[in-house]
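A.B. asks: Dropping in data-v7.pdb, which is PDB, C-alpha atoms and all ligand atoms:
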ATOM      1  CA  MET A 135      78.991 101.260 108.875
ATOM      2  CA  PRO A 136      81.361 102.756 106.220
ATOM      3  CA  ALA A 137      85.067 102.304 107.042
ATOM      4  CA  ALA A 138      86.783 105.394 108.497
ATOM      5  CA  PRO A 139      88.853 107.468 106.058
ATOM      6  CA  ILE A 140      92.510 106.446 105.869
ATOM      7  CA  SER A 141      95.012 108.574 107.806
ATOM      8  CA  VAL A 142      98.769 108.347 108.300
ATOM      9  CA  ALA A 143      97.962 106.602 111.609
ATOM     10  CA  THR A 144      95.921 103.980 109.698
ATOM     11  CA  LEU A 145      98.926 103.289 107.456
ATOM     12  CA  ALA A 146     101.257 102.998 110.458
ATOM     13  CA  ALA A 147      98.856 100.480 112.039
ATOM     14  CA  MET A 148      98.721  98.533 108.758
ATOM     15  CA  LYS A 149     102.513  98.272 108.800
ATOM     16  CA  THR A 150     102.409  97.001 112.395
ATOM     17  CA  ARG A 151      99.847  94.363 111.413
ATOM     18  CA  GLY A 152     101.820  93.371 108.302
ATOM     19  CA  GLU A 153      99.011  94.473 105.920
ATOM     20  CA  ARG A 154     100.296  95.780 102.589
ATOM     21  CA  ILE A 155      99.396  99.339 101.582
ATOM     22  CA  THR A 156      97.915  99.969  98.120
ATOM     23  CA  CYS A 157      98.625 103.226  96.309
ATOM     24  CA  LEU A 158      98.250 104.537  92.748
ATOM     25  CA  THR A 159      98.812 107.917  91.208
ATOM     26  CA  CYS A 160      95.645 109.858  90.418
ATOM     27  CA  TYR A 161      95.130 113.203  88.711
ATOM     28  CA  ASP A 162      91.383 113.837  88.351
ATOM     29  CA  ALA A 163      88.022 113.413  90.088
ATOM     30  CA  SER A 164      86.660 110.619  87.848
ATOM     31  CA  PHE A 165      89.590 108.332  88.525
ATOM     32  CA  ALA A 166      89.614 109.358  92.192
ATOM     33  CA  ARG A 167      86.046 107.991  92.503
ATOM     34  CA  LEU A 168      87.038 104.741  90.782
ATOM     35  CA  LEU A 169      90.193 104.274  92.867
ATOM     36  CA  ASP A 170      88.328 105.034  96.078
ATOM     37  CA  ALA A 171      85.606 102.533  95.176
ATOM     38  CA  ALA A 172      88.268  99.902  94.402
ATOM     39  CA  GLY A 173      89.586 100.227  97.963
ATOM     40  CA  LEU A 174      92.933 101.914  97.302
ATOM     41  CA  ASP A 175      94.462 103.109 100.577
ATOM     42  CA  VAL A 176      96.381 106.056  99.109
ATOM     43  CA  LEU A 177      95.941 108.318  96.061
ATOM     44  CA  LEU A 178      99.123 110.122  95.028
ATOM     45  CA  VAL A 179      98.818 113.254  92.912
ATOM     46  CA  GLY A 180     102.279 112.739  91.501
ATOM     47  CA  ASP A 181     104.179 115.270  89.448
ATOM     48  CA  SER A 182     104.386 112.367  86.973
ATOM     49  CA  LEU A 183     101.313 114.175  85.606
ATOM     50  CA  GLY A 184     103.821 116.300  83.701
ATOM     51  CA  MET A 185     104.745 113.209  81.691
ATOM     52  CA  VAL A 186     101.496 111.200  81.500
ATOM     53  CA  LEU A 187      98.983 114.065  81.168
ATOM     54  CA  GLN A 188     100.999 116.963  79.768
ATOM     55  CA  GLY A 189     103.343 115.016  77.472
ATOM     56  CA  HIS A 190     106.612 116.401  78.825
ATOM     57  CA  SER A 191     109.670 114.123  78.833
ATOM     58  CA  THR A 192     110.383 114.894  82.516
ATOM     59  CA  THR A 193     108.529 116.146  85.619
ATOM     60  CA  VAL A 194     110.656 119.315  85.762
ATOM     61  CA  PRO A 195     108.165 121.667  84.010
ATOM     62  CA  VAL A 196     105.341 120.934  86.479
ATOM     63  CA  THR A 197     104.376 123.981  88.554
ATOM     64  CA  VAL A 198     102.879 124.413  92.021
ATOM     65  CA  ASP A 199      99.718 125.922  90.437
ATOM     66  CA  GLN A 200      99.257 122.785  88.325
ATOM     67  CA  MET A 201      99.767 120.514  91.347
ATOM     68  CA  VAL A 202      97.211 122.520  93.339
ATOM     69  CA  TYR A 203      94.700 122.283  90.453
ATOM     70  CA  HIS A 204      95.018 118.485  90.062
ATOM     71  CA  THR A 205      95.068 117.895  93.825
ATOM     72  CA  ALA A 206      91.784 119.812  94.153
ATOM     73  CA  CYS A 207      90.274 117.730  91.326
ATOM     74  CA  VAL A 208      91.255 114.474  93.084
ATOM     75  CA  ALA A 209      90.091 115.782  96.475
ATOM     76  CA  ARG A 210      86.589 116.309  95.028
ATOM     77  CA  GLY A 211      86.431 112.659  93.909
ATOM     78  CA  ARG A 212      87.790 110.834  96.937
ATOM     79  CA  THR A 213      86.112 110.117 100.242
ATOM     80  CA  HIS A 214      88.134 107.312 101.818
ATOM     81  CA  ALA A 215      91.706 107.042 100.527
ATOM     82  CA  LEU A 216      94.509 109.216 101.939
ATOM     83  CA  LEU A 217      95.449 112.034  99.547
ATOM     84  CA  ILE A 218      99.162 112.762  99.032
ATOM     85  CA  ALA A 219     100.379 115.507  96.677
ATOM     86  CA  ASP A 220     103.848 116.101  95.290
ATOM     87  CA  LEU A 221     105.808 119.285  95.886
ATOM     88  CA  PRO A 222     107.163 119.769  92.337
ATOM     89  CA  PHE A 223     110.639 120.729  91.118
ATOM     90  CA  LEU A 224     112.282 123.432  93.311
ATOM     91  CA  ALA A 225     109.066 123.981  95.296
ATOM     92  CA  CYS A 226     111.036 123.107  98.432
ATOM     93  CA  ALA A 227     114.409 124.600  97.519
ATOM     94  CA  THR A 228     114.292 126.354 100.911
ATOM     95  CA  PRO A 229     112.288 125.358 104.017
ATOM     96  CA  GLU A 230     110.322 128.636 103.671
ATOM     97  CA  TRP A 231     109.289 127.813 100.094
ATOM     98  CA  ALA A 232     108.323 124.321 101.191
ATOM     99  CA  LEU A 233     106.071 125.729 103.932
ATOM    100  CA  THR A 234     104.437 128.187 101.513
ATOM    101  CA  HIS A 235     103.836 125.557  98.833
ATOM    102  CA  ALA A 236     102.722 122.848 101.282
ATOM    103  CA  ALA A 237     100.157 125.349 102.620
ATOM    104  CA  ARG A 238      98.797 125.794  99.076
ATOM    105  CA  LEU A 239      98.600 122.023  98.425
ATOM    106  CA  MET A 240      96.774 121.464 101.717
ATOM    107  CA  GLN A 241      94.569 124.572 101.948
ATOM    108  CA  GLU A 242      93.663 125.109  98.278
ATOM    109  CA  GLY A 243      94.167 121.551  97.012
ATOM    110  CA  GLY A 244      92.931 119.491  99.960
ATOM    111  CA  ALA A 245      96.082 117.331 100.241
ATOM    112  CA  GLN A 246      96.486 115.512 103.549
ATOM    113  CA  VAL A 247     100.192 114.726 103.108
ATOM    114  CA  VAL A 248     102.879 116.359 100.942
ATOM    115  CA  LYS A 249     105.637 114.390  99.248
ATOM    116  CA  LEU A 250     109.088 115.716  98.513
ATOM    117  CA  GLU A 251     112.094 114.170  96.805
ATOM    118  CA  GLY A 252     115.555 114.063  98.339
ATOM    119  CA  GLY A 253     117.820 112.825 101.127
ATOM    120  CA  ALA A 254     120.164 114.676 103.482
ATOM    121  CA  SER A 255     119.547 118.004 101.714
ATOM    122  CA  VAL A 256     115.825 118.007 102.643
ATOM    123  CA  VAL A 257     116.064 116.680 106.222
ATOM    124  CA  GLU A 258     115.820 120.190 107.712
ATOM    125  CA  THR A 259     112.836 120.978 105.461
ATOM    126  CA  VAL A 260     111.064 117.802 106.596
ATOM    127  CA  ARG A 261     111.689 118.800 110.218
ATOM    128  CA  ARG A 262     110.257 122.303 109.653
ATOM    129  CA  LEU A 263     107.176 120.977 107.831
ATOM    130  CA  THR A 264     106.370 118.358 110.460
ATOM    131  CA  GLU A 265     106.925 120.864 113.297
ATOM    132  CA  GLN A 266     104.189 122.953 111.652
ATOM    133  CA  GLY A 267     101.756 120.017 111.456
ATOM    134  CA  VAL A 268     102.356 119.060 107.822
ATOM    135  CA  PRO A 269     102.532 115.270 107.356
ATOM    136  CA  VAL A 270     105.408 114.443 105.002
ATOM    137  CA  CYS A 271     106.057 111.553 102.649
ATOM    138  CA  ALA A 272     109.777 111.414 101.805
ATOM    139  CA  HIS A 273     111.027 110.009  98.465
ATOM    140  CA  LEU A 274     114.408 108.286  97.989
ATOM    141  CA  GLY A 275     116.143 106.156  95.359
ATOM    142  CA  LEU A 276     115.494 107.374  91.836
ATOM    143  CA  LEU A 277     114.557 111.056  92.106
ATOM    144  CA  PRO A 278     112.838 111.993  88.820
ATOM    145  CA  GLN A 279     113.100 115.746  89.549
ATOM    146  CA  SER A 280     116.906 115.324  89.461
ATOM    147  CA  VAL A 281     116.941 113.626  86.044
ATOM    148  CA  ASN A 282     118.981 116.443  84.486
ATOM    149  CA  ARG A 283     121.669 116.020  87.153
ATOM    150  CA  ILE A 284     121.784 112.214  87.118
ATOM    151  CA  GLY A 285     121.424 111.971  83.341
ATOM    152  CA  GLY A 286     118.599 109.431  83.045
ATOM    153  CA  TYR A 287     116.083 107.226  84.808
ATOM    154  CA  ARG A 288     118.426 104.624  86.318
ATOM    155  CA  PHE A 289     118.133 102.267  89.264
ATOM    156  CA  GLN A 290     119.881 103.675  92.354
ATOM    157  CA  GLY A 291     121.600 102.015  95.314
ATOM    158  CA  ARG A 292     123.238  99.264  93.302
ATOM    159  CA  ASP A 293     126.737  99.808  94.733
ATOM    160  CA  PRO A 294     127.564  99.607  98.454
ATOM    161  CA  ASP A 295     128.241 103.348  98.884
ATOM    162  CA  SER A 296     125.008 104.548  97.347
ATOM    163  CA  ALA A 297     123.023 101.796  99.118
ATOM    164  CA  GLN A 298     124.498 102.965 102.424
ATOM    165  CA  ARG A 299     123.666 106.604 101.618
ATOM    166  CA  ILE A 300     120.029 105.713 100.869
ATOM    167  CA  ARG A 301     119.815 103.691 104.118
ATOM    168  CA  GLN A 302     121.235 106.608 106.171
ATOM    169  CA  ASP A 303     119.001 109.153 104.425
ATOM    170  CA  ALA A 304     115.936 106.994 105.148
ATOM    171  CA  LEU A 305     116.757 106.891 108.863
ATOM    172  CA  ALA A 306     117.483 110.646 108.956
ATOM    173  CA  LEU A 307     114.181 111.478 107.212
ATOM    174  CA  GLN A 308     112.261 109.277 109.648
ATOM    175  CA  GLU A 309     114.060 110.940 112.570
ATOM    176  CA  ALA A 310     113.152 114.381 111.129
ATOM    177  CA  GLY A 311     109.475 113.433 111.280
ATOM    178  CA  ALA A 312     108.515 111.938 107.900
ATOM    179  CA  SER A 313     105.363 109.798 108.185
ATOM    180  CA  LEU A 314     105.948 107.752 105.031
ATOM    181  CA  LEU A 315     108.721 106.968 102.561
ATOM    182  CA  VAL A 316     108.485 106.214  98.847
ATOM    183  CA  LEU A 317     111.443 104.170  97.581
ATOM    184  CA  GLU A 318     111.771 104.278  93.796
ATOM    185  CA  CYS A 319     113.910 101.952  91.646
ATOM    186  CA  VAL A 320     116.280 100.439  94.181
ATOM    187  CA  PRO A 321     117.278  96.764  94.496
ATOM    188  CA  ALA A 322     114.665  94.616  96.235
ATOM    189  CA  ALA A 323     117.059  93.470  98.983
ATOM    190  CA  LEU A 324     117.923  97.081  99.891
ATOM    191  CA  ALA A 325     114.252  98.127  99.889
ATOM    192  CA  GLU A 326     113.307  95.193 102.112
ATOM    193  CA  ALA A 327     116.133  95.961 104.564
ATOM    194  CA  ILE A 328     115.075  99.634 104.773
ATOM    195  CA  SER A 329     111.403  98.672 105.216
ATOM    196  CA  ARG A 330     112.389  96.463 108.156
ATOM    197  CA  ALA A 331     114.716  99.074 109.692
ATOM    198  CA  LEU A 332     112.126 101.898 109.621
ATOM    199  CA  THR A 333     109.072 102.173 111.841
ATOM    200  CA  ILE A 334     107.257 104.327 109.226
ATOM    201  CA  PRO A 335     105.614 102.618 106.212
ATOM    202  CA  VAL A 336     107.750 102.285 103.067
ATOM    203  CA  ILE A 337     105.916 102.285  99.727
ATOM    204  CA  GLY A 338     107.923 100.879  96.843
ATOM    205  CA  ILE A 339     107.883 101.415  93.086
ATOM    206  CA  GLY A 340     110.350  99.271  91.185
ATOM    207  CA  ALA A 341     111.683  98.192  94.584
ATOM    208  CA  GLY A 342     110.486  94.605  94.929
ATOM    209  CA  ALA A 343     107.800  92.969  97.035
ATOM    210  CA  GLY A 344     109.505  93.423 100.420
ATOM    211  CA  CYS A 345     108.191  96.966 101.025
ATOM    212  CA  ASP A 346     105.192  97.781 103.237
ATOM    213  CA  GLY A 347     103.180  98.864 100.200
ATOM    214  CA  GLN A 348     103.289  99.483  96.472
ATOM    215  CA  VAL A 349     102.602 102.408  94.159
ATOM    216  CA  LEU A 350     102.414 102.537  90.363
ATOM    217  CA  VAL A 351     101.678 105.276  87.867
ATOM    218  CA  LEU A 352      97.994 104.833  86.939
ATOM    219  CA  HIS A 353      98.569 105.116  83.188
ATOM    220  CA  ASP A 354     101.303 102.443  83.308
ATOM    221  CA  MET A 355      99.153  99.878  85.133
ATOM    222  CA  LEU A 356      96.213 100.543  82.764
ATOM    223  CA  GLY A 357      98.393  99.813  79.733
ATOM    224  CA  LEU A 358      98.187 103.405  78.448
ATOM    225  CA  ASN A 359     101.959 103.868  78.210
ATOM    226  CA  SER A 360     103.500 102.574  74.961
ATOM    227  CA  ARG A 361     106.874 102.202  76.749
ATOM    228  CA  PRO A 362     105.979 101.096  80.283
ATOM    229  CA  PRO A 363     108.756 100.688  82.857
ATOM    230  CA  ARG A 364     109.812  97.089  83.321
ATOM    231  CA  PHE A 365     108.748  97.046  86.976
ATOM    232  CA  SER A 366     105.110  97.814  86.058
ATOM    233  CA  ARG A 367     102.306  95.436  85.007
ATOM    234  CA  ASP A 368      99.342  95.983  82.688
ATOM    235  CA  PHE A 369      96.438  95.119  85.024
ATOM    236  CA  LEU A 370      93.805  95.949  82.369
ATOM    237  CA  LYS A 371      94.999  93.092  80.155
ATOM    238  CA  GLY A 372      92.403  90.319  80.273
ATOM    239  CA  GLN A 373      89.917  92.445  82.252
ATOM    240  CA  GLY A 374      86.658  93.871  80.953
ATOM    241  CA  ALA A 375      86.716  97.234  82.754
ATOM    242  CA  VAL A 376      88.993  99.721  84.496
ATOM    243  CA  SER A 377      87.287  98.908  87.806
ATOM    244  CA  GLU A 378      88.282  95.244  87.393
ATOM    245  CA  ALA A 379      91.906  96.229  86.653
ATOM    246  CA  LEU A 380      91.992  98.350  89.814
ATOM    247  CA  ALA A 381      90.506  95.511  91.880
ATOM    248  CA  ALA A 382      93.115  93.120  90.437
ATOM    249  CA  TYR A 383      95.915  95.528  91.419
ATOM    250  CA  VAL A 384      94.586  95.897  94.978
ATOM    251  CA  ALA A 385      94.246  92.117  95.329
ATOM    252  CA  ALA A 386      97.732  91.430  93.914
ATOM    253  CA  VAL A 387      99.450  93.977  96.182
ATOM    254  CA  ARG A 388      97.573  92.766  99.266
ATOM    255  CA  ALA A 389      98.447  89.149  98.470
ATOM    256  CA  GLY A 390     102.106  90.014  97.819
ATOM    257  CA  SER A 391     101.928  88.661  94.248
ATOM    258  CA  PHE A 392     102.780  92.067  92.751
ATOM    259  CA  PRO A 393     105.554  92.793  92.010
ATOM    260  CA  GLY A 394     106.660  89.325  90.960
ATOM    261  CA  THR A 395     110.156  88.299  89.919
ATOM    262  CA  GLU A 396     109.540  89.459  86.343
ATOM    263  CA  GLU A 397     108.784  92.992  87.644
ATOM    264  CA  THR A 398     111.830  92.995  89.967
ATOM    265  CA  PRO A 399     114.893  93.620  87.790
ATOM    266  CA  TYR A 400     117.373  93.997  90.682
TER
HETATM  267  O1  LIG A 501     105.242 111.519  90.585
HETATM  268  C1  LIG A 501     104.936 110.344  90.830
HETATM  269  O2  LIG A 501     104.015 109.782  90.252
HETATM  270  C2  LIG A 501     105.715 109.632  91.837
HETATM  271  C3  LIG A 501     105.566 108.151  91.883
HETATM  272  C4  LIG A 501     106.239 107.541  90.720
HETATM  273  C5  LIG A 501     106.044 107.578  93.174
HETATM  274  O3  LIG A 501     106.467 110.221  92.558
END
Represent the structure from my file as structure tokens, please.
C.D. replies:
Amino acid sequence: MPAAPISVATLAAMKTRGERITCLTCYDASFARLLDAAGLDVLLVGDSLGMVLQGHSTTVPVTVDQMVYHTACVARGRTHALLIADLPFLACATPEWALTHAARLMQEGGAQVVKLEGGASVVETVRRLTEQGVPVCAHLGLLPQSVNRIGGYRFQGRDPDSAQRIRQDALALQEAGASLLVLECVPAALAEAISRALTIPVIGIGAGAGCDGQVLVLHDMLGLNSRPPRFSRDFLKGQGAVSEALAAYVAAVRAGSFPGTEETPY
């Protein structure tokens, strides 16, 4: 009998059982089929598509229309993995905008969960979305949509004050109803402590092996980025096919061998 499609409840149960969650970004139907067949638990239509597909230097230019288009493409290719889609830059500047744009991602795009970046400033939005039945994935640590404010793609939470702020934000977002949390580019010890403190699954990127799951940008882990981030790994190297690279990623995350110390800068 084919395994049941993954839901947020499946991911919560995986956390309880101590099984690591596998996630990759995905932007089209062909890759969605491959990722699904490789056994990925979660496909994330990230607004990183602005950088890896569109060639922009940031995610800021990505629009809601573009996110809806790519989410619908991925939805047509997947059958099993949970489908999360990003609310892009300023799409949730007010709770009302967030509701409108989440409706588009779910009704036109087929997303099952929406992801939004931010801490205390989006807690009320997360509450409003979840009250209306929208499952939310929060995103803390490095917030790429805020690159123009922070002035670059730097690790966050490296001093006690900012680590404490991220910890408090994580608890507040969980309390507001978030079902999942992505933690990007924070020290491994902080990410592990937050993963243990929260009951919801925490998916890390550049956050060490102590999270409940891992996510990478697809093009980085397939060696298609000429300047990959140092927390990524080229899983296609030494493999004969993309499907083998995806299987190697799933196996490494499940075994806890990715990320290793060389992919954990802090
Ligand atoms: O947009 C994206 O791909 C993301 C991941 C890097 C987590 O948010």
A.B. asks: For stretch 318-329 of chain A, work out the shell of residues within 9 Å, counting only C-alpha atoms and skipping chain neighbours fewer than 5 positions away, then give it as JSON, numbers by chain.
C.D. replies: {"A": [273, 274, 275, 276, 277, 287, 288, 289, 290, 291, 292, 297, 300, 301, 304, 305, 334, 335, 336, 337, 338, 339, 340, 341, 342, 343, 344, 345, 346, 365, 398, 399, 400]}
A.B. asks: Using the chain letters and numbers from this file, what does the PyMOL selection byres (((not hetatm)) within 8 of (chain A and resi 501)) select? Give the answer as a list in words.
C.D. replies: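 After applying the PyMOL selection byres (((not hetatm)) within 8 of (chain A and resi 501)), what remains is Thr159, Leu178, Val179, Gly180, Asp181, Ser182, Leu183, Thr193, Asp220, Lys249, His273, Pro278, Val316, Leu317, Glu318, Gly338, Ile339, Val349, Leu350 and Val351 of chain A.
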A.B. asks: Mind listing as a ChimeraX atom specification all residues within 10 Å of (89.5, 113.2, 91.8), counting only C-alpha atoms?
C.D. replies: /A:160-170,177,179,204-213,217
A.B. asks: Report, in Å with one decimal, the straight-line distance from atom CA of A:Met185 to atom CA of A:Ile218.
C.D. replies: 18.2 Å
A.B. asks: Calculate, to one decimal in Å, the centre and edge lengths of the box along x, y and z of the file that holds all listed atoms of stretch 298-310 of chain A with 3 Å of margin on each side, and present them as lines of an AutoDock Vina configuration file.
C.D. replies:
center_x = 118.4
center_y = 108.7
center_z = 106.7
size_x = 18.2
size_y = 17.4
size_z = 17.7
A.B. asks: Would you please work out which residue, of A:Val376, A:Lys371, A:Thr197, A:Ala386, is nearest to A:Leu352 when using only C-alpha atoms?
C.D. replies: A:Val376
A.B. asks: Can you work out the spacing between atom CA of A:Ala146 and atom CA of A:Gln266 in Å, to one decimal?
C.D. replies: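 Interatomic distance, atom CA of A:Ala146 to atom CA of A:Gln266: 20.2 Å.
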A.B. asks: Do you have the atom CA of A:Ala272-atom CA of A:Thr395 distance handy?
C.D. replies: 26.0 Å
A.B. asks: Quick check on the file I pasted: which residues fall under the PyMOL selection byres (((chain A and resi 262) around 10) and not hetatm)? Write them as a list in words.
C.D. replies: Pro229, Glu230, Ala232, Leu233, Val256, Val257, Glu258, Thr259, Val260, Arg261, Leu263, Thr264, Glu265, Gln266, Gly267, Val268, Ala310 and Gly311 of chain A
A.B. asks: What does the PyMOL selection byres (((chain A and resi 143) around 12) and not hetatm) select in this file, as a PyMOL selection string?
C.D. replies: chain A and resi 138-142+144-150+216+247+269+313-314+333-335
A.B. asks: Applying 8 Å and all atoms listed in the file, which residues near stretch 366-370 of chain A remain after dropping the ones on its own chain fewer than 6 positions away? List them as a PyMOL selection string.
C.D. replies: chain A and resi 340+350+354-357+376+378-380+382-383+393+397
A.B. asks: Keeping only C-alpha atoms, write those residues as a PDB file, keeping the file's coordinate frame.
C.D. replies:
ATOM      1  CA  GLY A 340     110.350  99.271  91.185  1.00  0.00           C
ATOM      2  CA  LEU A 350     102.414 102.537  90.363  1.00  0.00           C
ATOM      3  CA  ASP A 354     101.303 102.443  83.308  1.00  0.00           C
ATOM      4  CA  MET A 355      99.153  99.878  85.133  1.00  0.00           C
ATOM      5  CA  LEU A 356      96.213 100.543  82.764  1.00  0.00           C
ATOM      6  CA  GLY A 357      98.393  99.813  79.733  1.00  0.00           C
ATOM      7  CA  VAL A 376      88.993  99.721  84.496  1.00  0.00           C
ATOM      8  CA  GLU A 378      88.282  95.244  87.393  1.00  0.00           C
ATOM      9  CA  ALA A 379      91.906  96.229  86.653  1.00  0.00           C
ATOM     10  CA  LEU A 380      91.992  98.350  89.814  1.00  0.00           C
ATOM     11  CA  ALA A 382      93.115  93.120  90.437  1.00  0.00           C
ATOM     12  CA  TYR A 383      95.915  95.528  91.419  1.00  0.00           C
ATOM     13  CA  PRO A 393     105.554  92.793  92.010  1.00  0.00           C
ATOM     14  CA  GLU A 397     108.784  92.992  87.644  1.00  0.00           C
TER      15      GLU A 397
END
A.B. asks: Taking only C-alpha atoms into account, name the residue in A:Ala236, A:Gly243, A:Gln348, A:Pro362 that is nearest to A:Ala385.
C.D. replies: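 Using only C-alpha atoms, A:Ala385 sits closest to A:Gln348.
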